[in-house]
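Asker: Following this line is upload13.cif, made up of mmCIF, C-alpha atoms:
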```cif
data_query
#
loop_
_atom_site.label_atom_id
_atom_site.label_comp_id
_atom_site.auth_asym_id
_atom_site.auth_seq_id
_atom_site.Cartn_x
_atom_site.Cartn_y
_atom_site.Cartn_z
CA MET A 104 -15.60 40.53 42.28
CA LYS A 105 -17.61 43.38 43.77
CA PHE A 106 -19.24 43.85 40.37
CA ILE A 107 -20.61 40.36 39.97
CA LYS A 108 -23.76 41.23 41.93
CA PHE A 109 -24.60 43.94 39.40
CA PHE A 110 -24.17 41.44 36.59
CA LEU A 111 -26.53 39.02 38.34
CA VAL A 112 -29.15 41.71 39.01
CA GLY A 113 -28.79 42.69 35.34
CA ILE A 114 -29.49 39.10 34.29
CA LEU A 115 -32.67 39.12 36.36
CA PHE A 116 -33.62 42.45 34.76
CA GLY A 117 -33.05 41.04 31.26
CA ILE A 118 -35.11 37.97 32.05
CA VAL A 119 -38.07 39.87 33.50
CA MET A 120 -38.05 42.37 30.61
CA SER A 121 -38.15 39.45 28.15
CA LYS A 122 -40.55 37.14 29.95
CA ALA A 123 -43.12 39.85 30.64
CA GLU A 124 -42.85 40.93 26.97
CA ILE A 125 -41.83 44.46 27.99
CA ILE A 126 -39.22 44.31 25.21
CA SER A 127 -41.98 43.78 22.65
CA TRP A 128 -42.71 46.79 20.42
CA PHE A 129 -46.31 45.57 20.28
CA ARG A 130 -46.77 45.81 24.05
CA ILE A 131 -45.73 49.48 23.99
CA TYR A 132 -48.06 50.23 21.08
CA GLU A 133 -50.89 48.42 22.87
CA MET A 134 -50.20 50.47 26.02
CA PHE A 135 -50.40 53.78 24.18
CA LYS A 136 -53.62 52.58 22.56
CA PHE A 137 -55.03 51.80 26.03
CA GLN A 138 -55.91 48.32 24.80
CA SER A 139 -54.36 46.33 27.61
CA PHE A 140 -53.74 46.62 31.34
CA HIS A 141 -50.47 44.67 31.08
CA MET A 142 -47.93 47.52 31.00
CA TYR A 143 -49.93 49.69 33.40
CA GLY A 144 -50.09 46.82 35.86
CA ILE A 145 -46.34 46.28 35.63
CA ILE A 146 -45.35 49.93 36.04
CA GLY A 147 -48.08 50.59 38.63
CA SER A 148 -47.27 47.63 40.85
CA ALA A 149 -43.54 48.40 40.62
CA ILE A 150 -44.26 51.95 41.81
CA VAL A 151 -46.58 50.93 44.66
CA LEU A 152 -44.03 48.45 45.98
CA GLY A 153 -41.29 50.99 45.28
CA MET A 154 -43.02 53.42 47.66
CA ILE A 155 -42.59 50.85 50.41
CA SER A 156 -38.86 50.55 49.57
CA MET A 157 -38.51 54.34 49.67
CA PHE A 158 -40.28 54.46 53.03
CA LEU A 159 -37.91 51.84 54.44
CA PHE A 160 -34.89 53.75 53.08
CA LYS A 161 -36.07 57.09 54.51
CA LYS A 162 -36.85 55.66 57.93
CA LYS A 163 -33.39 54.03 57.86
CA MET A 164 -35.02 50.66 58.43
CA VAL A 165 -33.06 49.37 55.45
CA LYS A 166 -29.43 50.36 54.90
CA THR A 167 -26.94 49.31 52.25
CA PHE A 168 -25.21 45.97 52.73
CA LYS A 169 -22.26 47.96 54.07
CA GLY A 170 -24.46 49.61 56.69
CA ASP A 171 -24.66 53.09 55.12
CA ASP A 172 -27.88 55.11 54.95
CA ILE A 173 -29.63 55.03 51.58
CA HIS A 174 -30.28 58.45 50.06
CA VAL A 175 -32.31 58.58 46.87
CA MET A 176 -31.10 61.59 44.92
CA PRO A 177 -34.10 63.70 43.92
CA LYS A 178 -34.56 64.37 40.22
CA LYS A 179 -33.76 67.86 38.95
CA GLU A 180 -36.77 70.18 39.11
CA GLY A 181 -37.83 72.27 36.14
CA LEU A 182 -40.97 72.36 34.05
CA SER A 183 -39.25 72.80 30.67
CA ARG A 184 -36.62 70.14 31.15
CA ASN A 185 -39.03 67.51 32.43
CA LEU A 186 -41.96 68.26 30.17
CA LEU A 187 -40.12 68.93 26.90
CA GLY A 188 -37.47 66.28 27.49
CA GLY A 189 -40.26 63.92 28.50
CA ILE A 190 -42.23 64.60 25.31
CA LEU A 191 -39.21 63.89 23.09
CA PHE A 192 -38.52 60.74 25.05
CA GLY A 193 -42.15 59.64 24.68
CA LEU A 194 -42.07 60.18 20.90
CA GLY A 195 -38.98 57.98 20.70
CA TRP A 196 -40.33 55.38 23.13
CA ALA A 197 -43.47 54.84 21.04
CA LEU A 198 -41.52 54.76 17.76
CA ALA A 199 -38.74 52.44 18.93
CA GLY A 200 -41.16 50.51 21.13
CA ALA A 201 -38.35 50.33 23.63
CA CYS A 202 -36.96 52.52 26.35
CA PRO A 203 -33.25 52.29 27.22
CA GLY A 204 -33.45 49.16 29.41
CA PRO A 205 -35.23 46.96 26.84
CA MET A 206 -32.90 48.21 24.08
CA PHE A 207 -30.02 46.39 25.72
CA VAL A 208 -32.09 43.31 26.48
CA LEU A 209 -32.97 43.11 22.77
CA ILE A 210 -29.27 42.77 21.91
CA GLY A 211 -29.32 39.58 23.95
CA LYS A 212 -32.34 38.44 21.98
CA GLY A 213 -30.22 38.78 18.86
CA VAL A 214 -31.95 41.78 17.28
CA VAL A 215 -29.23 43.35 15.13
CA SER A 216 -31.20 46.46 14.18
CA ILE A 217 -31.52 47.55 17.81
CA LEU A 218 -27.83 48.48 17.64
CA VAL A 219 -28.80 51.29 15.27
CA VAL A 220 -31.37 52.50 17.82
CA ILE A 221 -28.78 52.39 20.61
CA PHE A 222 -26.32 54.27 18.41
CA GLY A 223 -29.03 56.88 17.79
CA ALA A 224 -29.73 57.10 21.52
CA THR A 225 -26.04 57.65 22.29
CA LEU A 226 -25.93 60.30 19.59
CA GLY A 227 -28.99 61.91 21.20
CA ALA A 228 -27.30 61.97 24.61
CA PHE A 229 -24.20 63.49 23.00
CA PHE A 230 -26.19 66.24 21.28
CA TYR A 231 -27.97 66.98 24.53
CA GLY A 232 -24.55 67.48 26.13
CA VAL A 233 -23.50 69.79 23.29
CA TYR A 234 -26.63 71.97 23.28
CA LYS A 235 -27.45 71.70 26.98
CA ASP A 236 -26.71 75.36 27.77
CA LYS A 237 -28.95 76.60 24.97
CA LEU A 238 -31.98 74.56 26.08
CA PRO A 239 -34.57 75.67 28.64
CA HIS A 240 -34.48 73.70 31.87
CA MET B 79 -40.63 25.12 35.49
CA ASP B 80 -43.86 25.44 33.59
CA PHE B 81 -44.48 28.73 35.35
CA ILE B 82 -41.11 30.09 34.19
CA MET B 83 -41.69 29.08 30.57
CA GLN B 84 -45.06 30.84 30.33
CA PRO B 85 -45.17 34.59 29.66
CA TRP B 86 -45.03 36.37 33.02
CA GLU B 87 -48.09 38.28 34.16
CA TRP B 88 -47.91 41.91 35.26
CA TYR B 89 -48.30 40.99 38.92
CA VAL B 90 -45.10 38.95 38.66
CA ALA B 91 -43.11 41.39 36.55
CA GLY B 92 -43.95 44.57 38.50
CA PRO B 93 -42.78 43.20 41.87
CA VAL B 94 -39.63 41.71 40.29
CA ILE B 95 -38.73 45.10 38.78
CA SER B 96 -39.37 46.77 42.13
CA PHE B 97 -37.13 44.18 43.79
CA ILE B 98 -34.37 44.95 41.26
CA MET B 99 -34.61 48.63 42.19
CA PHE B 100 -34.44 47.69 45.88
CA LEU B 101 -31.35 45.55 45.31
CA LEU B 102 -29.50 48.28 43.41
CA TYR B 103 -30.02 50.73 46.29
CA TYR B 104 -29.17 48.02 48.81
CA PHE B 105 -25.90 47.55 46.93
CA GLY B 106 -25.22 51.27 47.35
CA GLU B 107 -26.08 52.40 43.82
CA ARG B 108 -29.29 53.48 42.06
CA PHE B 109 -31.71 52.43 39.32
CA GLY B 110 -31.41 54.37 36.06
CA VAL B 111 -30.55 52.96 32.66
CA SER B 112 -30.35 56.02 30.40
CA SER B 113 -27.35 57.54 32.20
CA ASN B 114 -25.32 54.76 30.58
CA LEU B 115 -25.74 56.62 27.29
CA GLU B 116 -23.74 59.52 28.75
CA THR B 117 -21.14 57.08 30.01
CA PHE B 118 -20.78 55.77 26.43
CA CYS B 119 -20.14 59.35 25.29
CA SER B 120 -17.49 59.81 27.98
CA ILE B 121 -15.77 56.56 27.11
CA GLY B 122 -15.84 57.56 23.44
CA GLY B 123 -13.91 60.71 24.26
CA ALA B 124 -16.76 63.26 24.19
CA GLY B 125 -15.13 64.97 27.19
CA LYS B 126 -12.55 66.41 24.79
CA PHE B 127 -15.26 68.48 23.11
CA VAL B 128 -17.83 69.06 25.83
CA ASN B 129 -17.11 69.54 29.53
CA TYR B 130 -20.41 67.87 30.40
CA PHE B 131 -18.89 64.51 29.48
CA LYS B 132 -15.70 65.02 31.46
CA ILE B 133 -16.51 62.50 34.12
CA ASP B 134 -14.63 59.56 35.48
CA TRP B 135 -16.68 56.89 33.76
CA LYS B 136 -15.27 54.23 36.05
CA ASP B 137 -17.68 55.54 38.70
CA ASN B 138 -20.46 54.21 36.46
CA LEU B 139 -18.82 50.89 35.72
CA TRP B 140 -21.34 49.10 37.95
CA ASN B 141 -24.15 50.36 35.69
CA LEU B 142 -22.37 49.19 32.51
CA ILE B 143 -22.02 45.80 34.16
CA PHE B 144 -25.72 45.90 35.01
CA ILE B 145 -26.64 46.42 31.35
CA ALA B 146 -24.13 43.76 30.29
CA GLY B 147 -26.05 41.45 32.64
CA SER B 148 -29.33 42.52 31.07
CA ILE B 149 -27.99 41.55 27.64
CA ALA B 150 -27.07 38.14 29.07
CA GLY B 151 -30.54 37.93 30.68
CA GLY B 152 -32.19 38.67 27.34
CA PHE B 153 -30.11 35.93 25.73
CA ILE B 154 -30.95 33.40 28.44
CA ALA B 155 -34.66 34.23 28.43
CA SER B 156 -35.11 34.09 24.67
CA ASN B 157 -33.00 30.96 24.15
CA TYR B 158 -33.78 28.84 27.19
CA LEU B 159 -36.87 30.18 28.96
CA THR B 160 -39.30 30.87 26.14
CA THR B 161 -41.23 28.37 24.07
CA THR B 162 -42.88 30.76 21.63
CA ASP B 163 -41.99 34.10 20.12
CA ALA B 164 -45.65 35.16 19.96
CA VAL B 165 -46.95 38.00 22.09
CA ASN B 166 -50.55 37.72 23.21
CA ILE B 167 -51.69 41.27 22.45
CA ASN B 168 -55.28 42.46 22.19
CA PRO B 169 -56.90 41.32 18.88
CA GLN B 170 -58.09 44.90 18.42
CA THR B 171 -54.44 46.03 18.54
CA VAL B 172 -53.61 43.51 15.81
CA LYS B 173 -56.41 44.93 13.66
CA ASP B 174 -55.42 48.54 14.30
CA LEU B 175 -51.85 47.75 13.30
CA ALA B 176 -52.94 46.01 10.11
CA ASP B 177 -54.89 49.18 9.26
CA ILE B 178 -51.73 51.30 9.46
CA GLY B 179 -49.62 48.81 7.50
CA ILE B 180 -48.00 46.67 10.19
CA MET B 181 -48.87 43.05 9.51
CA ASN B 182 -48.68 39.92 11.64
CA ALA B 183 -48.70 41.90 14.87
CA GLY B 184 -48.00 39.76 17.92
CA GLN B 185 -46.66 36.75 16.03
CA THR B 186 -43.17 37.86 17.01
CA TYR B 187 -41.83 40.28 19.61
CA LEU B 188 -41.05 43.00 17.06
CA PRO B 189 -42.55 44.17 13.76
CA ASP B 190 -40.47 43.32 10.68
CA GLU B 191 -41.62 46.62 9.20
CA ILE B 192 -39.24 48.36 11.65
CA PHE B 193 -36.70 45.82 12.87
CA SER B 194 -35.93 43.29 10.15
CA VAL B 195 -32.43 43.45 8.72
CA ASP B 196 -33.91 44.10 5.28
CA THR B 197 -35.75 47.15 6.62
CA MET B 198 -32.67 48.35 8.45
CA LEU B 199 -30.76 48.37 5.17
CA THR B 200 -33.17 50.78 3.49
CA LEU B 201 -32.76 54.53 3.90
CA LYS B 202 -36.22 54.92 5.38
CA GLY B 203 -35.84 51.99 7.75
CA PHE B 204 -32.41 53.10 8.92
CA SER B 205 -33.66 56.66 9.45
CA ILE B 206 -36.59 55.48 11.56
CA LEU B 207 -34.27 53.47 13.81
CA ILE B 208 -31.78 56.32 14.22
CA ILE B 209 -34.46 58.97 14.81
CA ALA B 210 -36.29 56.79 17.34
CA GLY B 211 -33.06 56.23 19.25
CA PHE B 212 -32.07 59.88 19.01
CA LEU B 213 -35.38 61.03 20.50
CA VAL B 214 -35.06 58.53 23.35
CA GLY B 215 -31.47 59.51 24.14
CA PHE B 216 -31.86 63.27 23.79
CA GLY B 217 -35.20 63.31 25.61
CA ALA B 218 -34.09 61.07 28.45
CA ARG B 219 -31.00 63.14 29.19
CA TRP B 220 -32.89 66.44 28.91
CA ALA B 221 -35.54 65.16 31.30
CA GLY B 222 -32.84 63.61 33.48
CA GLY B 223 -34.17 60.08 33.37
CA CYS B 224 -36.16 57.45 31.52
CA THR B 225 -38.76 54.88 32.53
CA SER B 226 -36.53 53.45 35.26
CA GLY B 227 -35.23 56.67 36.81
CA HIS B 228 -38.32 58.84 36.42
CA ALA B 229 -41.37 56.57 36.15
CA ILE B 230 -40.34 53.93 38.67
CA VAL B 231 -37.84 55.54 41.06
CA GLY B 232 -39.12 59.12 40.84
CA LEU B 233 -42.81 58.29 41.18
CA SER B 234 -42.06 55.83 44.01
CA ASN B 235 -40.28 58.71 45.70
CA LEU B 236 -43.29 61.02 45.08
CA GLU B 237 -41.34 63.58 43.09
CA LEU B 238 -43.18 66.28 41.18
CA ALA B 239 -40.37 66.48 38.60
CA SER B 240 -40.94 62.82 37.73
CA LEU B 241 -44.69 63.24 37.51
CA ILE B 242 -44.16 66.06 34.99
CA ALA B 243 -41.68 63.91 33.05
CA VAL B 244 -44.07 60.94 32.94
CA VAL B 245 -46.88 63.21 31.73
CA GLY B 246 -44.42 64.27 29.01
CA PHE B 247 -43.62 60.62 28.18
CA PHE B 248 -47.33 60.04 27.63
CA ILE B 249 -47.93 63.18 25.59
CA GLY B 250 -45.07 62.16 23.29
CA GLY B 251 -46.08 58.50 23.21
CA LEU B 252 -49.72 59.26 22.43
CA VAL B 253 -48.84 61.74 19.68
CA MET B 254 -46.49 59.19 18.08
CA THR B 255 -48.91 56.26 18.38
CA TRP B 256 -52.14 58.00 17.38
CA LEU B 257 -50.97 60.70 14.97
CA ILE B 258 -47.52 59.99 13.55
CA LEU B 259 -47.25 56.19 13.24
CA PRO B 260 -50.27 56.00 10.88
CA LEU B 261 -48.43 58.32 8.48
CA ILE B 262 -45.15 56.40 8.43
CA PHE B 263 -46.00 52.93 7.08
#
```
Please express what this file holds, its structure, as structure tokens.

Answerer:
Amino acid sequence: MKFIKFFLVGILFGIVMSKAEIISWFRIYEMFKFQSFHMYGIIGSAIVLGMISMFLFKKKMVKTFKGDDIHVMPKKEGLSRNLLGGILFGLGWALAGACPGPMFVLIGKGVVSILVVIFGATLGAFFYGVYKDKLPH
Amino acid sequence: MDFIMQPWEWYVAGPVISFIMFLLYYFGERFGVSSNLETFCSIGGAGKFVNYFKIDWKDNLWNLIFIAGSIAGGFIASNYLTTTDAVNINPQTVKDLADIGIMNAGQTYLPDEIFSVDTMLTLKGFSILIIAGFLVGFGARWAGGCTSGHAIVGLSNLELASLIAVVGFFIGGLVMTWLILPLIF
């Protein structure tokens, strides 16, 4: 039963990704062409409000529902990992027109071919795990 | 109800996404979708070959349930909360896409030239889908996060690592959109 809340939050996530057309390949293309404010407004407003959440977490004004402090784990530092990994991700994001979240939402929309993309993404994560020690970080 | 059925504007969607992030932390977890890809590898037995995947995937069960919910949300939204499949993109975008060989842009959520079942069953179409996914998966795990973990959480948390990653996302995205896509179709 403790997992049902994650399922419900996931439903909300799937709905907002669909209703705001974030799962549309065309919206991602339009964003990278700088031809619409839509995606920038979404990501930008999520970040600005997210800063307030982070502030509340850090000042311990908001704790988890169990009363524990909320620590946001910092991302791993490293120019190579973040820049090179980021560039590969960006190439894939613009080609697939979907980042990992929307990929799953598109299954719910009934897009069969997205399963191939998700399979490719899992394969990519696997190959990263295999070659991790040979890559610059 | 009319408001729900219309496409949602950015000033609705952005705050809702931020609220989702808030809820996941409030529930004692975090917001990051691409780490599920590693969990898939662990469940599939990748830990037998690579130590990196030797994790107790049950620790990430909450996140798998989150994406299961997002699949359900996608189903609900497209079947019960949407009246049209059209996406109201910039007319200039429609023209630009026609120029590179992608027709009927915006009449559906996705271009048939990439996502139709017929395309998927061709060698070229299948390769595009696999390569696109591979780049997303490999890149996200190398960078340690995707749009959720880096762009939204990391930038909210004012992390330099995430700023670098997002700059990378845009370099890659711009190169694909402006230079590579025109050569593919």

Asker: Using the chain letters and numbers from the file, which residues does the PyMOL selection byres ((chain A and resi 104-107) around 8) grab, as JSON, numbers by chain?

Answerer: {"A": [108, 109, 110, 111], "B": [140, 143]}

Asker: For the structure shown, which residues end up in the PyMOL selection byres ((chain A and resi 152) around 9)? Put them as a CSV table (one decimal) with C-alpha atoms, in the frame of the given file, please?

Answerer:
```csv
chain,number,residue,atom,x,y,z
A,147,GLY,CA,-48.1,50.6,38.6
A,148,SER,CA,-47.3,47.6,40.8
A,149,ALA,CA,-43.5,48.4,40.6
A,150,ILE,CA,-44.3,52.0,41.8
A,151,VAL,CA,-46.6,50.9,44.7
A,153,GLY,CA,-41.3,51.0,45.3
A,154,MET,CA,-43.0,53.4,47.7
A,155,ILE,CA,-42.6,50.8,50.4
A,156,SER,CA,-38.9,50.6,49.6
A,157,MET,CA,-38.5,54.3,49.7
B,92,GLY,CA,-44.0,44.6,38.5
B,93,PRO,CA,-42.8,43.2,41.9
B,96,SER,CA,-39.4,46.8,42.1
B,97,PHE,CA,-37.1,44.2,43.8
B,234,SER,CA,-42.1,55.8,44.0
```

Asker: Expand the PyMOL selection byres ((chain A and resi 130-142) around 6) into the individual residues it matches in the shown file, reporting them as a list in words.

Answerer: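 Given this file, the PyMOL selection byres ((chain A and resi 130-142) around 6) evaluates to Ser127, Trp128, Phe129, Tyr143, Gly144, Ile145 and Gly200 of chain A; Trp88 and Leu252 of chain B.
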
Asker: Mind giving me the straight-line distance from CA of Phe105 (chain B) to CA of Phe153 (chain B) in Å, one decimal?

Answerer: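 Distance between the two atoms: 24.5 Å.
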
Asker: Mind pulling up the distance from CA of Ser121 (chain A) to CA of Trp256 (chain B)?

Answerer: 25.6 Å

Asker: So that I can see what lies close to Trp86 (chain B), please list as a list in words the residues with an atom at most 10 Å from it, counting all atoms listed in the file and leaving out residues fewer than 6 positions away in the same chain.

Answerer: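 Contacts, in chain order: Val119, Met120, Ser121, Lys122, Ala123 and Glu124 of chain A; Gly92 of chain B.
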
Asker: For region 123-129 of chain B, what centre and edge lengths in Å (one decimal) does the axis-aligned box get once 5 Å is added on each side of all its listed atoms, as JSON?

Answerer:
```
{"center_x": -15.2, "center_y": 65.1, "center_z": 26.3, "size_x": 15.3, "size_y": 18.8, "size_z": 16.4}
```

Asker: So which one's closest to chain B, A:His240, A:Val215, A:Gly193, A:Lys169? Using all atoms listed in the file, please.

Answerer: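 Checking each of A:His240, A:Val215, A:Gly193, A:Lys169 against chain B, counting all atoms listed in the file, the winner is A:Gly193.
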
Asker: Quick one: pull the distance between CA of Gly223 (chain B) and CA of Gly189 (chain A), Å, one decimal.

Answerer: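 Rounded to one decimal, the two atoms are 8.7 Å apart.
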
Asker: Pick from A:Ile173, A:Leu187, A:Ile125, A:Phe230: nearest to Ala201 (chain A), with all atoms listed in the file counted?

Answerer: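 With all atoms listed in the file as the atom set, the closest residue is A:Ile125.
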